[in-house]
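K.L.:
Please find start-v6.tsv (TSV, C-alpha atoms) on the next line:
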```
chain	number	residue	atom	x	y	z
A	1	MET	CA	17.72	7.53	15.33
A	2	ILE	CA	14.94	5.61	13.64
A	3	SER	CA	12.54	3.74	15.90
A	4	ILE	CA	9.06	2.49	16.70
A	5	THR	CA	8.43	2.78	20.42
A	6	ARG	CA	5.81	2.11	23.07
A	7	ASP	CA	7.41	4.73	25.33
A	8	VAL	CA	6.53	8.41	25.70
A	9	ILE	CA	8.56	10.51	23.24
A	10	ASP	CA	10.78	13.09	24.96
A	11	THR	CA	10.80	15.79	22.28
A	12	GLY	CA	13.20	18.17	24.00
A	13	ALA	CA	15.77	15.49	24.73
A	14	MET	CA	15.64	14.24	21.16
A	15	ILE	CA	16.16	17.69	19.70
A	16	GLU	CA	19.15	18.29	21.98
A	17	ALA	CA	20.61	14.89	21.02
A	18	ALA	CA	20.24	15.67	17.30
A	19	LYS	CA	22.30	18.87	17.43
A	20	ARG	CA	25.70	18.94	15.73
A	21	PRO	CA	28.15	21.85	15.42
A	22	GLY	CA	27.52	22.34	11.69
A	23	MET	CA	23.75	22.71	12.08
A	24	GLY	CA	22.15	26.10	11.99
A	25	ALA	CA	18.60	24.75	11.81
A	26	LEU	CA	16.67	21.83	13.24
A	27	VAL	CA	13.16	21.52	11.84
A	28	THR	CA	10.83	19.43	13.96
A	29	PHE	CA	7.50	17.86	13.01
A	30	CYS	CA	5.46	16.66	15.93
A	31	GLY	CA	2.26	14.67	15.23
A	32	VAL	CA	-0.18	14.71	18.16
A	33	VAL	CA	-3.41	12.89	19.09
A	34	ARG	CA	-6.20	15.38	18.36
A	35	ASP	CA	-9.62	15.54	19.98
A	36	ASP	CA	-11.47	15.15	16.71
A	37	GLY	CA	-15.18	15.23	17.53
A	38	GLY	CA	-14.88	13.56	20.91
A	39	VAL	CA	-11.80	11.35	20.53
A	40	GLU	CA	-10.54	10.31	23.98
A	41	ARG	CA	-7.61	8.12	23.00
A	42	MET	CA	-6.04	6.27	20.09
A	43	GLU	CA	-4.52	2.85	19.62
A	44	LEU	CA	-1.69	2.47	17.13
A	45	GLU	CA	-0.20	-0.70	15.71
A	46	ALA	CA	2.68	-1.33	13.31
A	47	TYR	CA	4.11	-4.09	11.14
A	48	GLU	CA	7.25	-3.32	13.01
A	49	ASP	CA	10.10	-4.87	11.02
A	50	VAL	CA	8.78	-3.53	7.74
A	51	ALA	CA	7.92	-0.14	9.27
A	52	VAL	CA	11.46	0.36	10.59
A	53	ARG	CA	12.94	-0.69	7.25
A	54	GLU	CA	10.71	1.77	5.40
A	55	LEU	CA	11.54	4.60	7.83
A	56	GLU	CA	15.24	3.90	7.23
A	57	ALA	CA	14.64	4.02	3.47
A	58	ILE	CA	12.84	7.36	3.83
A	59	ARG	CA	15.74	8.74	5.89
A	60	ASP	CA	18.28	7.51	3.33
A	61	THR	CA	16.39	9.09	0.43
A	62	ALA	CA	16.01	12.40	2.29
A	63	MET	CA	19.74	12.42	3.13
A	64	ARG	CA	20.57	11.78	-0.53
A	65	ASP	CA	18.15	14.28	-2.07
A	66	TYR	CA	18.39	17.27	0.30
A	67	ALA	CA	21.35	19.23	1.67
A	68	ILE	CA	20.75	18.15	5.26
A	69	GLU	CA	22.93	16.63	7.98
A	70	SER	CA	20.63	14.37	9.95
A	71	VAL	CA	17.20	12.74	10.12
A	72	ASP	CA	15.63	11.28	13.24
A	73	ILE	CA	12.19	9.65	13.18
A	74	VAL	CA	10.40	8.12	16.17
A	75	HIS	CA	6.85	6.74	15.88
A	76	ARG	CA	4.79	5.70	18.85
A	77	VAL	CA	2.56	2.59	19.02
A	78	GLY	CA	0.20	1.39	21.75
A	79	SER	CA	-2.49	3.41	23.53
A	80	LEU	CA	-2.17	7.22	23.44
A	81	LEU	CA	-4.29	9.95	25.04
A	82	VAL	CA	-5.28	13.25	23.44
A	83	GLY	CA	-2.25	15.55	23.43
A	84	GLU	CA	0.36	12.76	23.38
A	85	THR	CA	3.00	12.75	20.66
A	86	ILE	CA	2.46	10.13	17.94
A	87	LEU	CA	5.37	11.00	15.73
A	88	LEU	CA	8.52	13.09	15.96
A	89	VAL	CA	10.61	13.95	12.90
A	90	ILE	CA	13.78	16.02	13.37
A	91	VAL	CA	15.78	17.23	10.40
A	92	GLY	CA	19.08	18.91	11.06
A	93	ALA	CA	20.75	21.08	8.41
A	94	GLY	CA	23.10	23.96	7.90
A	95	HIS	CA	20.19	26.14	6.80
A	96	ARG	CA	16.43	26.12	7.30
A	97	LYS	CA	15.06	25.91	3.75
A	98	GLU	CA	16.42	22.47	2.97
A	99	ALA	CA	15.39	21.26	6.43
A	100	PHE	CA	11.78	22.40	5.91
A	101	ALA	CA	11.62	20.80	2.47
A	102	ALA	CA	13.10	17.51	3.70
A	103	SER	CA	10.67	17.43	6.65
A	104	GLU	CA	7.71	17.77	4.35
A	105	TYR	CA	9.01	15.04	2.07
A	106	ILE	CA	9.52	12.72	5.05
A	107	ILE	CA	6.08	13.16	6.61
A	108	ASP	CA	4.27	12.94	3.27
A	109	ARG	CA	6.00	9.68	2.31
A	110	LEU	CA	5.62	8.25	5.81
A	111	LYS	CA	1.86	8.68	5.66
A	112	GLN	CA	1.70	6.80	2.35
A	113	THR	CA	4.11	3.93	2.85
A	114	VAL	CA	4.94	3.05	6.47
A	115	PRO	CA	2.74	0.17	7.73
A	116	ILE	CA	1.17	1.76	10.81
A	117	TRP	CA	-2.54	2.00	11.63
A	118	LYS	CA	-4.57	3.87	14.21
A	119	LYS	CA	-7.95	3.45	15.80
A	120	GLU	CA	-9.79	6.31	17.49
A	121	PHE	CA	-11.80	5.67	20.64
A	122	TYR	CA	-14.74	7.90	21.51
A	123	ARG	CA	-16.82	7.86	24.67
A	124	GLU	CA	-19.23	5.74	22.67
A	125	GLY	CA	-17.71	3.71	19.90
A	126	GLU	CA	-14.47	3.42	17.98
A	127	ARG	CA	-13.27	3.93	14.43
A	128	TRP	CA	-10.25	2.95	12.33
A	129	VAL	CA	-8.63	5.97	10.73
A	130	GLN	CA	-8.92	5.69	6.97
A	131	GLY	CA	-5.53	5.31	5.31
A	132	GLU	CA	-4.34	6.83	2.08
A	133	ALA	CA	-4.61	4.25	-0.70
A	134	PRO	CA	-1.10	2.98	-1.46
A	135	GLY	CA	0.51	3.09	-4.88
A	136	ARG	CA	0.29	-0.21	-6.74
B	1	MET	CA	3.43	-26.79	5.53
B	2	LYS	CA	2.80	-23.84	7.79
B	3	VAL	CA	2.50	-20.20	6.78
B	4	GLN	CA	2.65	-17.44	9.37
B	5	VAL	CA	0.04	-14.80	8.64
B	6	LYS	CA	0.36	-11.26	9.97
B	7	ALA	CA	-2.86	-9.29	9.75
B	8	PHE	CA	-3.21	-5.68	10.81
B	9	ALA	CA	-5.87	-3.14	11.79
B	10	ARG	CA	-9.40	-4.22	10.86
B	11	PHE	CA	-8.04	-7.28	9.05
B	12	ARG	CA	-6.45	-8.42	12.31
B	13	GLU	CA	-9.80	-8.06	14.02
B	14	ALA	CA	-11.37	-10.28	11.35
B	15	LEU	CA	-8.61	-12.91	11.09
B	16	GLY	CA	-7.15	-12.94	14.60
B	17	SER	CA	-3.63	-12.04	15.69
B	18	ASP	CA	-0.84	-13.87	13.88
B	19	PRO	CA	-2.73	-16.98	12.72
B	20	VAL	CA	-0.70	-19.92	11.40
B	21	VAL	CA	-2.32	-21.52	8.34
B	22	GLU	CA	-1.66	-25.15	7.33
B	23	LEU	CA	-1.54	-25.73	3.59
B	24	PRO	CA	-0.48	-28.62	1.33
B	25	GLU	CA	3.18	-28.44	0.21
B	26	GLY	CA	3.64	-26.25	-2.84
B	27	SER	CA	0.42	-24.29	-2.37
B	28	ALA	CA	0.06	-20.99	-4.20
B	29	MET	CA	-0.84	-17.64	-2.64
B	30	THR	CA	-4.38	-18.15	-3.95
B	31	ALA	CA	-4.77	-21.19	-1.65
B	32	LEU	CA	-3.77	-19.10	1.34
B	33	LEU	CA	-6.21	-16.37	0.33
B	34	ALA	CA	-9.02	-18.95	0.10
B	35	ALA	CA	-8.17	-20.12	3.63
B	36	LEU	CA	-8.20	-16.53	4.89
B	37	ARG	CA	-11.56	-15.92	3.22
B	38	ASP	CA	-13.01	-18.86	5.15
B	39	ARG	CA	-11.35	-17.74	8.35
B	40	ALA	CA	-12.77	-14.22	8.11
B	41	GLY	CA	-16.30	-15.61	8.37
B	42	GLY	CA	-18.83	-12.78	8.00
B	43	GLU	CA	-16.05	-10.22	7.64
B	44	GLU	CA	-14.55	-11.47	4.38
B	45	GLY	CA	-16.11	-8.50	2.55
B	46	LEU	CA	-13.42	-6.29	4.11
B	47	MET	CA	-10.78	-8.02	2.01
B	48	PHE	CA	-12.59	-9.76	-0.86
B	49	ASP	CA	-15.23	-8.69	-3.34
B	50	GLU	CA	-18.42	-10.61	-4.18
B	51	ALA	CA	-16.55	-12.74	-6.72
B	52	GLY	CA	-13.96	-13.70	-4.10
B	53	ALA	CA	-11.16	-11.57	-5.57
B	54	LEU	CA	-8.88	-9.56	-3.33
B	55	ARG	CA	-10.07	-5.94	-3.11
B	56	THR	CA	-7.78	-3.46	-4.86
B	57	HIS	CA	-6.78	-1.54	-1.70
B	58	VAL	CA	-5.56	-4.67	0.13
B	59	VAL	CA	-1.77	-4.96	0.48
B	60	LEU	CA	-0.07	-8.36	0.62
B	61	MET	CA	3.55	-8.97	1.55
B	62	GLN	CA	5.53	-12.22	1.41
B	63	ASN	CA	8.47	-12.18	3.82
B	64	GLY	CA	8.38	-8.38	3.91
B	65	ILE	CA	8.27	-7.90	0.12
B	66	ARG	CA	5.17	-6.46	-1.54
B	67	VAL	CA	3.31	-9.03	-3.69
B	68	LYS	CA	2.26	-7.75	-7.11
B	69	ARG	CA	-1.32	-8.44	-8.20
B	70	ASP	CA	-0.15	-10.05	-11.41
B	71	ASP	CA	1.82	-12.62	-9.40
B	72	LEU	CA	-1.01	-13.81	-7.16
B	73	ASP	CA	-1.90	-16.85	-9.26
B	74	THR	CA	1.64	-18.03	-9.86
B	75	LEU	CA	3.30	-17.24	-6.53
B	76	VAL	CA	4.13	-20.45	-4.65
B	77	LEU	CA	4.52	-20.41	-0.87
B	78	ALA	CA	7.12	-22.28	1.18
B	79	ASP	CA	7.01	-23.70	4.70
B	80	GLY	CA	7.76	-20.95	7.23
B	81	ASP	CA	6.84	-18.07	4.93
B	82	GLU	CA	5.43	-14.95	6.56
B	83	VAL	CA	2.54	-13.39	4.66
B	84	ALA	CA	1.21	-10.01	5.79
B	85	ILE	CA	-2.20	-8.64	4.80
B	86	PHE	CA	-3.30	-5.11	5.59
B	87	PRO	CA	-5.44	-2.14	4.57
B	88	PRO	CA	-4.02	1.25	3.44
B	89	VAL	CA	-1.59	2.57	6.04
B	90	ALA	CA	-2.52	5.47	8.32
B	91	GLY	CA	0.51	6.38	10.42
B	92	GLY	CA	1.88	9.79	11.30
```
Using structure tokens, write down the structure from this file.
P.N.:
Amino acid sequence: MISITRDVIDTGAMIEAAKRPGMGALVTFCGVVRDDGGVERMELEAYEDVAVRELEAIRDTAMRDYAIESVDIVHRVGSLLVGETILLVIVGAGHRKEAFAASEYIIDRLKQTVPIWKKEFYREGERWVQGEAPGR
Amino acid sequence: MKVQVKAFARFREALGSDPVVELPEGSAMTALLAALRDRAGGEEGLMFDEAGALRTHVVLMQNGIRVKRDDLDTLVLADGDEVAIFPPVAGG
């Protein structure tokens, strides 16, 4: 499953749903709102159509380039508190090494290309998180 | 003609959510950018340099396709186009 959601991400349920008989390994990356110097919450927004399309392209490339069986990516938008899950990536594979490698590829590319932004809110003040400059 | 603008993050705060910009038929992307510069008021420095050129980190998309810098002057817009403008992405 590839999706952008405003709902709480149920990590356990998603991992169970991703399992297939041929998988010996499911590698999970879970991105979480961190209390970074007094952050209380975060607001995330997405250019949704383009973000979903890019997530699908990332999944398709990972499926082509690594010996894996499945890729699920769910990214949260809206207002999130410290400790809430922002992003869940699940890669299912026969064996762990390819699943780890594919997971790293997916999260690295996601951070560079998927149009999503986040703003941190502190007790006093707010700040947009600086993005990585995109390729031209 | 009308062009639907989608601005995100701090650019959305400067330009407003989903503004529709009226332009003469056959206008180029540069005409839209000039309108956005005016619309941004005191915040145009987020997107444009002192000479009025788009800053290098700004991303533009026309109907979901990335616009190349070299095409800015020649790209002609059509009624109903969706143009997105945003800073470097920061998801994950």
K.L.:
Using all atoms listed in the file, which of A:Ile90, A:Val39, A:Ala102, A:Leu110 sits nearest chain B?
P.N.:
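Counting all atoms listed in the file, the residue closest to chain B is A:Leu110.
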K.L.:
Please check the contacts: residues of chain A at most 7 Å away from chain B, using only C-alpha atoms, listed as a list in words.
P.N.:
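Within 7 Å of chain B on chain A, we get Gly31, Val50, Ile86, Leu87, Leu110, Lys111, Gln112, Thr113, Val114, Pro115, Ile116, Trp117, Lys118, Val129, Gln130, Gly131, Glu132, Ala133 and Pro134 of chain A.
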K.L.:
Expressed in Å to a single decimal, how great is the separation between CA of Gln4 (chain B) and CA of Asp18 (chain B)?
P.N.:
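Taking CA of Gln4 (chain B) and CA of Asp18 (chain B), their separation equals 6.7 Å.
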K.L.:
Quote the spacing between CA of Asp71 (chain B) and CA of Glu56 (chain A) in Å to one decimal place.
P.N.:
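A separation of 27.0 Å between them.
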K.L.:
With distances taken over only C-alpha atoms, which of B:Leu60, B:Ala14, B:Ala53, B:Val21 is nearest to Gly41 (chain B)?
P.N.:
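Looking only at the distances to Gly41 (chain B), the closest residue turns out to be B:Ala14.
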K.L.:
Kindly indicate which residue among A:Arg6, A:Lys119, A:Lys97, A:His75 lies nearest to Val52 (chain A), using only C-alpha atoms for the distances.
P.N.:
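Nearest to Val52 (chain A): A:His75.
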K.L.:
Neighbouring residues of region 15-24 of chain A were defined as those with any atom within 6 Å, considering only C-alpha atoms; residues of the same chain fewer than 5 positions away were excluded. Please report them as a list in words.
P.N.:
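Non-adjacent residues within range: Ala93, Gly94 and His95 of chain A.
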K.L.:
Give me, please, the distance in Å between CA of Gly37 (chain A) and CA of Glu84 (chain A), quoted to one decimal.
P.N.:
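Interatomic distance here is 16.8 Å.
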K.L.:
Kindly indicate which residue among A:Val82, A:Val77, A:Ile106, A:Leu44 lies nearest to Asp65 (chain A), using only C-alpha atoms for the distances.
P.N.:
A:Ile106
K.L.:
For each of B:Thr74, B:Phe11, B:Val3, B:Leu46, take the minimum atom-to-atom distance to Leu23 (chain B), counting all atoms listed in the file, then give the residue where this is smallest.
P.N.:
B:Val3
K.L.:
Regenerate region 56-79 of chain B at the level of N, CA and C atoms and dump it as a PDB file, keeping the file's coordinate frame.
P.N.:
```
ATOM      1  N   THR B  56      -8.965  -4.132  -4.299  1.00  0.00           N
ATOM      2  CA  THR B  56      -7.780  -3.460  -4.860  1.00  0.00           C
ATOM      3  C   THR B  56      -6.940  -2.744  -3.804  1.00  0.00           C
ATOM      4  N   HIS B  57      -7.547  -2.298  -2.691  1.00  0.00           N
ATOM      5  CA  HIS B  57      -6.780  -1.540  -1.700  1.00  0.00           C
ATOM      6  C   HIS B  57      -6.000  -2.437  -0.738  1.00  0.00           C
ATOM      7  N   VAL B  58      -6.214  -3.757  -0.822  1.00  0.00           N
ATOM      8  CA  VAL B  58      -5.560  -4.670   0.130  1.00  0.00           C
ATOM      9  C   VAL B  58      -4.085  -4.858  -0.260  1.00  0.00           C
ATOM     10  N   VAL B  59      -3.207  -4.749   0.728  1.00  0.00           N
ATOM     11  CA  VAL B  59      -1.770  -4.960   0.480  1.00  0.00           C
ATOM     12  C   VAL B  59      -1.375  -6.331   1.018  1.00  0.00           C
ATOM     13  N   LEU B  60      -0.617  -7.059   0.213  1.00  0.00           N
ATOM     14  CA  LEU B  60      -0.070  -8.360   0.620  1.00  0.00           C
ATOM     15  C   LEU B  60       1.450  -8.275   0.568  1.00  0.00           C
ATOM     16  N   MET B  61       2.092  -8.873   1.581  1.00  0.00           N
ATOM     17  CA  MET B  61       3.550  -8.970   1.550  1.00  0.00           C
ATOM     18  C   MET B  61       3.950 -10.416   1.842  1.00  0.00           C
ATOM     19  N   GLN B  62       4.965 -10.899   1.129  1.00  0.00           N
ATOM     20  CA  GLN B  62       5.530 -12.220   1.410  1.00  0.00           C
ATOM     21  C   GLN B  62       6.935 -11.992   1.943  1.00  0.00           C
ATOM     22  N   ASN B  63       7.171 -12.385   3.174  1.00  0.00           N
ATOM     23  CA  ASN B  63       8.470 -12.180   3.820  1.00  0.00           C
ATOM     24  C   ASN B  63       8.959 -10.739   3.674  1.00  0.00           C
ATOM     25  N   GLY B  64       8.032  -9.801   3.897  1.00  0.00           N
ATOM     26  CA  GLY B  64       8.380  -8.380   3.910  1.00  0.00           C
ATOM     27  C   GLY B  64       8.483  -7.718   2.556  1.00  0.00           C
ATOM     28  N   ILE B  65       8.204  -8.471   1.477  1.00  0.00           N
ATOM     29  CA  ILE B  65       8.270  -7.900   0.120  1.00  0.00           C
ATOM     30  C   ILE B  65       6.843  -7.843  -0.437  1.00  0.00           C
ATOM     31  N   ARG B  66       6.499  -6.677  -0.977  1.00  0.00           N
ATOM     32  CA  ARG B  66       5.170  -6.460  -1.540  1.00  0.00           C
ATOM     33  C   ARG B  66       4.892  -7.452  -2.673  1.00  0.00           C
ATOM     34  N   VAL B  67       3.708  -8.080  -2.636  1.00  0.00           N
ATOM     35  CA  VAL B  67       3.310  -9.030  -3.690  1.00  0.00           C
ATOM     36  C   VAL B  67       2.534  -8.264  -4.763  1.00  0.00           C
ATOM     37  N   LYS B  68       2.956  -8.417  -5.997  1.00  0.00           N
ATOM     38  CA  LYS B  68       2.260  -7.750  -7.110  1.00  0.00           C
ATOM     39  C   LYS B  68       0.988  -8.527  -7.469  1.00  0.00           C
ATOM     40  N   ARG B  69      -0.047  -7.790  -7.848  1.00  0.00           N
ATOM     41  CA  ARG B  69      -1.320  -8.440  -8.200  1.00  0.00           C
ATOM     42  C   ARG B  69      -1.171  -9.476  -9.307  1.00  0.00           C
ATOM     43  N   ASP B  70      -0.313  -9.147 -10.266  1.00  0.00           N
ATOM     44  CA  ASP B  70      -0.150 -10.050 -11.410  1.00  0.00           C
ATOM     45  C   ASP B  70       0.478 -11.383 -11.005  1.00  0.00           C
ATOM     46  N   ASP B  71       1.115 -11.405  -9.828  1.00  0.00           N
ATOM     47  CA  ASP B  71       1.820 -12.620  -9.400  1.00  0.00           C
ATOM     48  C   ASP B  71       0.974 -13.518  -8.498  1.00  0.00           C
ATOM     49  N   LEU B  72      -0.219 -13.057  -8.143  1.00  0.00           N
ATOM     50  CA  LEU B  72      -1.010 -13.810  -7.160  1.00  0.00           C
ATOM     51  C   LEU B  72      -1.231 -15.266  -7.552  1.00  0.00           C
ATOM     52  N   ASP B  73      -1.546 -15.498  -8.824  1.00  0.00           N
ATOM     53  CA  ASP B  73      -1.900 -16.850  -9.260  1.00  0.00           C
ATOM     54  C   ASP B  73      -0.685 -17.779  -9.348  1.00  0.00           C
ATOM     55  N   THR B  74       0.470 -17.192  -9.613  1.00  0.00           N
ATOM     56  CA  THR B  74       1.640 -18.030  -9.860  1.00  0.00           C
ATOM     57  C   THR B  74       2.569 -18.161  -8.653  1.00  0.00           C
ATOM     58  N   LEU B  75       2.375 -17.274  -7.670  1.00  0.00           N
ATOM     59  CA  LEU B  75       3.300 -17.240  -6.530  1.00  0.00           C
ATOM     60  C   LEU B  75       3.112 -18.473  -5.643  1.00  0.00           C
ATOM     61  N   VAL B  76       4.191 -19.236  -5.465  1.00  0.00           N
ATOM     62  CA  VAL B  76       4.130 -20.450  -4.650  1.00  0.00           C
ATOM     63  C   VAL B  76       4.738 -20.166  -3.276  1.00  0.00           C
ATOM     64  N   LEU B  77       4.061 -20.646  -2.241  1.00  0.00           N
ATOM     65  CA  LEU B  77       4.520 -20.410  -0.870  1.00  0.00           C
ATOM     66  C   LEU B  77       5.410 -21.551  -0.400  1.00  0.00           C
ATOM     67  N   ALA B  78       6.249 -21.255   0.600  1.00  0.00           N
ATOM     68  CA  ALA B  78       7.120 -22.280   1.180  1.00  0.00           C
ATOM     69  C   ALA B  78       6.843 -22.367   2.686  1.00  0.00           C
ATOM     70  N   ASP B  79       7.178 -23.518   3.265  1.00  0.00           N
ATOM     71  CA  ASP B  79       7.010 -23.700   4.700  1.00  0.00           C
ATOM     72  C   ASP B  79       7.761 -22.594   5.451  1.00  0.00           C
TER      73      ASP B  79
END
```
